[in-house]
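Pasting final_15.tsv here (TSV, C-alpha atoms):
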chain	number	residue	atom	x	y	z
P	5	MET	CA	66.96	-14.55	2.19
P	6	LYS	CA	64.41	-14.64	-0.63
P	7	ARG	CA	61.78	-14.89	2.12
P	8	TYR	CA	62.47	-11.22	2.96
P	9	VAL	CA	64.09	-9.53	-0.05
P	10	ASN	CA	62.61	-9.28	-3.51
P	11	PRO	CA	62.47	-9.01	-6.47
P	12	ASP	CA	64.81	-11.81	-7.46
P	13	ASP	CA	67.96	-10.40	-8.98
P	14	GLY	CA	69.04	-13.77	-10.34
P	15	LEU	CA	70.93	-14.60	-7.13
P	16	LEU	CA	68.24	-14.54	-4.45
P	17	GLY	CA	65.92	-17.11	-5.95
P	18	LYS	CA	62.20	-16.85	-6.39
P	19	ASN	CA	59.98	-16.45	-3.35
P	20	LEU	CA	57.18	-18.81	-4.30
P	21	ASN	CA	55.12	-17.81	-1.23
P	22	LYS	CA	55.23	-14.13	-2.22
P	23	ASN	CA	55.65	-13.13	1.43
P	24	ASP	CA	58.70	-10.87	1.14
P	25	TRP	CA	58.87	-7.49	2.88
P	26	ASN	CA	58.75	-5.53	-0.40
P	27	GLN	CA	54.98	-5.16	-0.49
P	28	ALA	CA	52.17	-3.24	1.18
P	29	SER	CA	51.04	-6.23	3.26
P	30	ALA	CA	54.52	-6.77	4.74
P	31	PRO	CA	55.25	-6.01	8.40
P	32	ASN	CA	55.63	-2.33	9.25
P	33	ALA	CA	59.38	-2.66	9.41
P	34	CYS	CA	62.40	-1.80	7.32
P	35	VAL	CA	65.91	-2.82	8.23
P	36	HIS	CA	69.09	-1.63	6.56
P	37	ALA	CA	70.19	-5.09	5.45
P	38	PHE	CA	69.54	-8.82	5.53
P	39	ILE	CA	72.13	-11.56	5.92
P	40	GLY	CA	71.22	-14.99	4.65
P	41	LYS	CA	71.49	-17.65	2.02
P	42	LEU	CA	71.34	-17.03	-1.70
P	43	ASP	CA	69.65	-19.51	-4.02
P	44	ASN	CA	73.00	-21.26	-4.62
P	45	GLY	CA	73.60	-21.66	-0.87
P	46	ALA	CA	76.24	-18.92	-0.53
P	47	ILE	CA	75.90	-16.45	2.36
P	48	ALA	CA	75.53	-12.78	1.47
P	49	THR	CA	74.45	-9.40	2.80
P	50	TYR	CA	71.78	-7.44	0.92
P	51	GLN	CA	71.54	-3.76	1.74
P	52	THR	CA	67.92	-2.54	1.65
P	53	LEU	CA	68.28	1.03	2.97
P	54	PRO	CA	71.10	3.57	2.83
P	55	TRP	CA	73.21	3.15	5.99
P	56	ASN	CA	72.54	6.76	7.03
P	57	HIS	CA	68.76	6.51	6.49
P	58	ARG	CA	66.46	6.09	9.49
P	59	GLY	CA	65.09	2.56	9.50
P	60	TRP	CA	62.05	1.24	11.27
P	61	HIS	CA	63.37	-1.82	13.01
P	62	SER	CA	63.24	-1.52	16.77
P	63	ALA	CA	59.94	0.17	17.57
P	64	SER	CA	60.28	2.14	20.82
P	65	GLY	CA	60.94	1.62	24.48
P	66	SER	CA	60.60	3.74	27.58
P	67	LYS	CA	63.83	5.65	26.75
P	68	GLY	CA	63.33	6.26	23.06
P	69	SER	CA	64.00	4.32	19.89
P	70	ALA	CA	67.05	2.64	18.39
P	71	ASN	CA	65.50	3.62	15.05
P	72	ASP	CA	67.00	7.05	15.72
P	73	THR	CA	70.49	5.85	16.68
P	74	HIS	CA	71.34	2.44	15.23
P	75	VAL	CA	71.79	0.72	11.89
P	76	SER	CA	69.90	-2.57	11.74
P	77	PHE	CA	70.15	-5.87	9.95
P	78	GLU	CA	68.30	-9.15	10.12
P	79	ILE	CA	70.06	-12.48	10.22
P	80	CYS	CA	67.79	-14.86	8.35
P	81	GLU	CA	67.22	-17.89	10.52
P	82	ASP	CA	67.06	-21.49	9.45
P	83	GLY	CA	65.61	-24.13	11.76
P	84	LEU	CA	68.23	-23.03	14.36
P	85	ALA	CA	69.90	-26.44	14.17
P	86	ASP	CA	72.52	-26.03	11.41
P	87	LYS	CA	75.82	-25.09	13.09
P	88	ALA	CA	77.59	-24.46	9.77
P	89	TYR	CA	74.88	-22.04	8.65
P	90	PHE	CA	74.98	-20.28	12.00
P	91	ARG	CA	78.77	-19.88	11.84
P	92	SER	CA	78.52	-18.52	8.29
P	93	VAL	CA	75.86	-15.91	9.02
P	94	PHE	CA	77.51	-15.03	12.33
P	95	ASN	CA	80.84	-14.41	10.58
P	96	GLU	CA	79.09	-12.36	7.89
P	97	SER	CA	77.42	-10.27	10.59
P	98	VAL	CA	80.77	-9.66	12.31
P	99	GLU	CA	82.24	-8.49	9.00
P	100	LEU	CA	79.28	-6.17	8.46
P	101	CYS	CA	79.68	-4.71	11.95
P	102	VAL	CA	83.39	-4.12	11.33
P	103	TYR	CA	82.58	-2.39	8.05
P	104	LEU	CA	79.91	-0.17	9.64
P	105	CYS	CA	82.07	0.72	12.65
P	106	LYS	CA	84.86	1.82	10.32
P	107	MET	CA	82.42	3.76	8.13
P	108	PHE	CA	80.89	5.63	11.06
P	109	ASN	CA	84.08	5.80	13.17
P	110	LEU	CA	82.52	3.82	16.03
P	111	ASP	CA	84.31	1.82	18.70
P	112	PRO	CA	82.74	-1.67	18.60
P	113	MET	CA	83.98	-2.37	22.13
P	114	LYS	CA	82.10	0.61	23.56
P	115	ASP	CA	78.97	-0.32	25.45
P	116	GLY	CA	75.84	-0.03	23.34
P	117	VAL	CA	77.49	0.32	19.94
P	118	ILE	CA	76.58	-3.19	18.78
P	119	ILE	CA	73.43	-4.60	20.32
P	120	GLY	CA	70.82	-7.20	19.57
P	121	HIS	CA	67.13	-6.40	19.58
P	122	TYR	CA	66.76	-8.02	22.98
P	123	GLU	CA	69.51	-5.77	24.35
P	124	GLY	CA	67.73	-2.74	22.91
P	125	ALA	CA	64.62	-3.81	24.81
P	126	ARG	CA	66.62	-4.09	28.05
P	127	ARG	CA	68.04	-0.60	27.44
P	128	GLY	CA	64.57	0.84	26.86
P	129	ILE	CA	65.15	1.72	23.19
P	130	ALA	CA	63.33	-1.16	21.48
P	131	SER	CA	60.27	-3.32	21.79
P	132	ASN	CA	60.67	-6.66	23.51
P	133	HIS	CA	61.92	-9.22	20.97
P	134	ALA	CA	64.26	-12.12	21.62
P	135	ASP	CA	66.36	-11.93	18.49
P	136	PRO	CA	69.10	-12.76	18.09
P	137	GLY	CA	69.54	-13.81	21.72
P	138	HIS	CA	67.42	-16.95	21.41
P	139	TRP	CA	69.90	-18.20	18.83
P	140	PHE	CA	73.12	-16.88	20.36
P	141	VAL	CA	72.59	-18.21	23.88
P	142	ARG	CA	73.10	-21.83	22.92
P	143	PRO	CA	76.41	-23.08	24.38
P	144	ASP	CA	77.86	-23.92	20.97
P	145	ARG	CA	76.84	-20.53	19.52
P	146	ALA	CA	77.51	-18.03	22.25
P	147	MET	CA	78.25	-14.52	21.13
P	148	PRO	CA	81.88	-13.72	21.98
P	149	LYS	CA	82.29	-11.35	24.89
P	150	ALA	CA	84.49	-8.28	24.71
P	151	ALA	CA	87.92	-8.74	26.24
As a first step, turn the structure in this file into C-alpha coordinates.
Amino acid sequence: MKRYVNPDDGLLGKNLNKNDWNQASAPNACVHAFIGKLDNGAIATYQTLPWNHRGWHSASGSKGSANDTHVSFEICEDGLADKAYFRSVFNESVELCVYLCKMFNLDPMKDGVIIGHYEGARRGIASNHADPGHWFVRPDRAMPKAA
(Lines of atoms letter the chains of each structure in order from A and count residues from 1; the text may use other names and numbers.)
(Lines give C-alpha, C1' and ligand atoms only; values in the text may rest on other atoms or scores of the structure.)
Protein backbone atom coordinates (compact mmCIF):
# COMPACT_ATOMS: atom_id res chain seq x y z
CA MET A 1 0.00 0.00 0.00
CA LYS A 2 2.96 2.32 0.55
CA ARG A 3 3.18 2.51 -3.25
CA TYR A 4 0.00 4.64 -3.22
CA VAL A 5 -0.43 6.18 0.24
CA ASN A 6 2.05 8.43 1.99
CA PRO A 7 3.49 9.80 4.20
CA ASP A 8 4.48 6.78 6.26
CA ASP A 9 2.58 6.75 9.53
CA GLY A 10 4.83 4.10 11.03
CA LEU A 11 2.62 1.29 9.70
CA LEU A 12 2.71 1.77 5.93
CA GLY A 13 6.46 1.58 5.45
CA LYS A 14 8.63 3.91 3.44
CA ASN A 15 8.04 4.28 -0.28
CA LEU A 16 11.63 4.30 -1.48
CA ASN A 17 10.56 5.02 -5.08
CA LYS A 18 8.65 8.15 -4.00
CA ASN A 19 5.88 7.35 -6.49
CA ASP A 20 2.85 7.57 -4.18
CA TRP A 21 -0.31 9.43 -5.18
CA ASN A 22 0.20 12.20 -2.60
CA GLN A 23 2.15 14.51 -4.89
CA ALA A 24 1.64 16.85 -7.83
CA SER A 25 3.11 14.39 -10.35
CA ALA A 26 0.72 11.60 -9.32
CA PRO A 27 -2.09 10.45 -11.63
CA ASN A 28 -5.09 12.75 -11.80
CA ALA A 29 -7.09 10.45 -9.57
CA CYS A 30 -8.26 10.28 -5.99
CA VAL A 31 -10.06 7.31 -4.53
CA HIS A 32 -11.75 7.16 -1.16
CA ALA A 33 -9.59 4.33 0.17
CA PHE A 34 -6.86 1.79 -0.56
CA ILE A 35 -6.78 -1.82 0.59
CA GLY A 36 -3.41 -3.49 0.77
CA LYS A 37 -0.49 -4.70 2.79
CA LEU A 38 1.13 -2.78 5.61
CA ASP A 39 4.88 -2.93 6.16
CA ASN A 40 4.42 -5.82 8.62
CA GLY A 41 2.38 -7.82 6.08
CA ALA A 42 -1.04 -7.24 7.68
CA ILE A 43 -3.93 -6.25 5.39
CA ALA A 44 -5.61 -2.91 6.09
CA THR A 45 -7.85 -0.24 4.61
CA TYR A 46 -6.62 3.36 4.51
CA GLN A 47 -9.27 6.00 3.97
CA THR A 48 -7.96 8.88 1.83
CA LEU A 49 -11.13 10.94 1.28
CA PRO A 50 -14.29 11.44 3.35
CA TRP A 51 -16.85 8.85 2.21
CA ASN A 52 -19.32 11.58 1.23
CA HIS A 53 -16.75 13.58 -0.76
CA ARG A 54 -16.73 13.37 -4.56
CA GLY A 55 -13.71 11.39 -5.68
CA TRP A 56 -12.06 11.35 -9.05
CA HIS A 57 -11.76 7.67 -9.76
CA SER A 58 -13.83 6.58 -12.73
CA ALA A 59 -13.46 9.32 -15.32
CA SER A 60 -16.61 9.46 -17.48
CA GLY A 61 -18.54 7.37 -19.91
CA SER A 62 -21.32 8.04 -22.38
CA LYS A 63 -23.94 8.09 -19.56
CA GLY A 64 -22.13 10.18 -16.99
CA SER A 65 -19.62 9.50 -14.26
CA ALA A 66 -19.49 7.15 -11.29
CA ASN A 67 -17.50 9.95 -9.62
CA ASP A 68 -20.90 11.53 -8.96
CA THR A 69 -22.60 8.42 -7.57
CA HIS A 70 -20.14 5.89 -6.14
CA VAL A 71 -17.56 5.57 -3.40
CA SER A 72 -14.30 4.11 -4.70
CA PHE A 73 -11.40 2.10 -3.38
CA GLU A 74 -8.35 0.51 -4.91
CA ILE A 75 -7.26 -3.01 -4.09
CA CYS A 76 -3.48 -2.94 -4.25
CA GLU A 77 -2.34 -5.75 -6.49
CA ASP A 78 0.60 -8.03 -6.00
CA GLY A 79 1.91 -10.13 -8.88
CA LEU A 80 -1.62 -11.63 -9.15
CA ALA A 81 -0.28 -15.05 -8.18
CA ASP A 82 -0.59 -15.10 -4.36
CA LYS A 83 -3.93 -16.75 -3.51
CA ALA A 84 -3.61 -15.99 0.22
CA TYR A 85 -3.04 -12.29 -0.47
CA PHE A 86 -5.97 -12.22 -2.88
CA ARG A 87 -8.28 -13.87 -0.32
CA SER A 88 -7.17 -11.39 2.35
CA VAL A 89 -7.71 -8.25 0.27
CA PHE A 90 -10.94 -9.67 -1.18
CA ASN A 91 -12.31 -10.31 2.33
CA GLU A 92 -11.23 -6.84 3.43
CA SER A 93 -13.03 -5.34 0.43
CA VAL A 94 -16.21 -7.27 1.27
CA GLU A 95 -16.06 -5.95 4.83
CA LEU A 96 -15.59 -2.40 3.53
CA CYS A 97 -18.57 -2.78 1.18
CA VAL A 98 -20.73 -4.06 4.05
CA TYR A 99 -19.66 -1.11 6.18
CA LEU A 100 -20.41 1.42 3.42
CA CYS A 101 -23.76 -0.15 2.52
CA LYS A 102 -24.83 0.07 6.16
CA MET A 103 -23.56 3.65 6.43
CA PHE A 104 -25.42 4.82 3.33
CA ASN A 105 -28.42 2.49 3.74
CA LEU A 106 -27.76 0.74 0.41
CA ASP A 107 -28.88 -2.72 -0.65
CA PRO A 108 -25.70 -4.52 -1.80
CA MET A 109 -27.79 -7.00 -3.78
CA LYS A 110 -29.39 -4.26 -5.88
CA ASP A 111 -28.00 -4.01 -9.38
CA GLY A 112 -25.32 -1.35 -9.72
CA VAL A 113 -24.71 -0.71 -6.02
CA ILE A 114 -21.34 -2.49 -5.94
CA ILE A 115 -19.46 -2.46 -9.22
CA GLY A 116 -15.93 -2.80 -10.46
CA HIS A 117 -14.36 -0.24 -12.76
CA TYR A 118 -14.89 -2.54 -15.72
CA GLU A 119 -18.60 -2.77 -14.89
CA GLY A 120 -18.78 1.02 -14.70
CA ALA A 121 -17.33 1.15 -18.20
CA ARG A 122 -19.96 -1.32 -19.45
CA ARG A 123 -22.68 0.82 -17.86
CA GLY A 124 -21.34 3.97 -19.51
CA ILE A 125 -20.32 5.69 -16.25
CA ALA A 126 -16.56 5.08 -16.27
CA SER A 127 -13.61 4.93 -18.60
CA ASN A 128 -12.59 1.53 -19.90
CA HIS A 129 -10.34 -0.16 -17.32
CA ALA A 130 -10.14 -3.85 -16.53
CA ASP A 131 -9.82 -3.66 -12.77
CA PRO A 132 -10.63 -5.60 -10.79
CA GLY A 133 -12.09 -7.97 -13.38
CA HIS A 134 -8.72 -9.13 -14.70
CA TRP A 135 -7.98 -10.46 -11.22
CA PHE A 136 -11.44 -11.71 -10.28
CA VAL A 137 -12.12 -13.75 -13.41
CA ARG A 138 -9.59 -16.43 -12.60
CA PRO A 139 -11.43 -19.68 -11.71
CA ASP A 140 -9.93 -19.83 -8.21
CA ARG A 141 -10.77 -16.17 -7.51
CA ALA A 142 -14.17 -15.61 -9.03
CA MET A 143 -16.25 -12.90 -7.46
CA PRO A 144 -19.26 -14.53 -5.76
CA LYS A 145 -22.53 -14.00 -7.59
CA ALA A 146 -25.64 -12.74 -5.85
CA ALA A 147 -28.09 -15.47 -4.89
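Nearest residue to P:Tyr50 among P:Ile119, P:Ala63, P:Ala70, P:Val35 is P:Val35, counting all atoms listed in the file.
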Spatial neighbours of P:Ile39, max dist 7 Å, all atoms listed in the file, sep filter under 4 positions, as a count of residues only: 7
Using only C-alpha atoms, determine which residues lie at most 6 Å from stretch 23-25 of chain P, disregarding the query and same-chain residues fewer than 2 positions distant; provide the list as a ChimeraX atom specification. /P:7-9,21,27,30
Preceding selection exported with C-alpha atoms as a PDB file, keeping the file's coordinate frame:
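Dumped to part.pdb:
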ATOM      1  CA  ARG P   7      61.780 -14.890   2.120  1.00  0.00           C
ATOM      2  CA  TYR P   8      62.470 -11.220   2.960  1.00  0.00           C
ATOM      3  CA  VAL P   9      64.090  -9.530  -0.050  1.00  0.00           C
ATOM      4  CA  ASN P  21      55.120 -17.810  -1.230  1.00  0.00           C
ATOM      5  CA  GLN P  27      54.980  -5.160  -0.490  1.00  0.00           C
ATOM      6  CA  ALA P  30      54.520  -6.770   4.740  1.00  0.00           C
TER       7      ALA P  30
END
Kindly give the distance, in Å, that separates atom CA of P:Leu110 and atom CA of P:Phe140, rounded to a single decimal. 23.1 Å
Counting only C-alpha atoms, which residues sit no farther than 8 Å from the position (61.2, -3.9, 22.1) in the file's frame? I'd like them as a PyMOL selection string. chain P and resi 62-65+121-122+124-125+128-133
Two-atom distance - atom CA of P:Asp43, atom CA of P:Lys18 (Å):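 One can read the atom CA of P:Asp43 to atom CA of P:Lys18 distance as 8.3 Å.
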Distance in Å - atom CA of P:His138 versus atom CA of P:Asn56: 28.2 Å
What's around P:Trp60 at 6 Å? Count all atoms listed in the file, leave out sequence neighbours fewer than 5 positions away in its own chain, and write the answer as a list in words. Ala33, Cys34 and Asn71 of chain P
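With all atoms listed in the file as the atoms that count, the minimum distance from P:Asp135 to the choices P:Lys6, P:Phe77, P:Ala28, P:Asp12 is reached by P:Phe77.
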Residue nearest P:Thr73 - candidates P:Phe108, P:Gly137, P:Glu99, P:Gly45, atoms counted: all atoms listed in the file: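 The shortest atom-to-atom distance to P:Thr73 comes from P:Phe108.
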From the list P:Trp139, P:Ala37, P:Val117, P:Pro11, which residue is nearest P:Asp86 when using all atoms listed in the file?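 Checking each of P:Trp139, P:Ala37, P:Val117, P:Pro11 against P:Asp86, counting all atoms listed in the file, the winner is P:Trp139.
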Counting all atoms listed in the file, which residues come within 10 Å of (77.1, 3.1, 5.3), with the point read in the file's coordinates, and could you list them as a PyMOL selection string? chain P and resi 36+51+53-57+75+103-108
To box stretch 46-52 of chain P, take all atoms listed in the file, fit an axis-aligned box, add 3 Å on each side, and give centre and edge lengths in Å to one decimal, as AutoDock Vina command-line options.
--center_x 72.1 --center_y -10.7 --center_z 1.1 --size_x 14.3 --size_y 22.4 --size_z 9.3
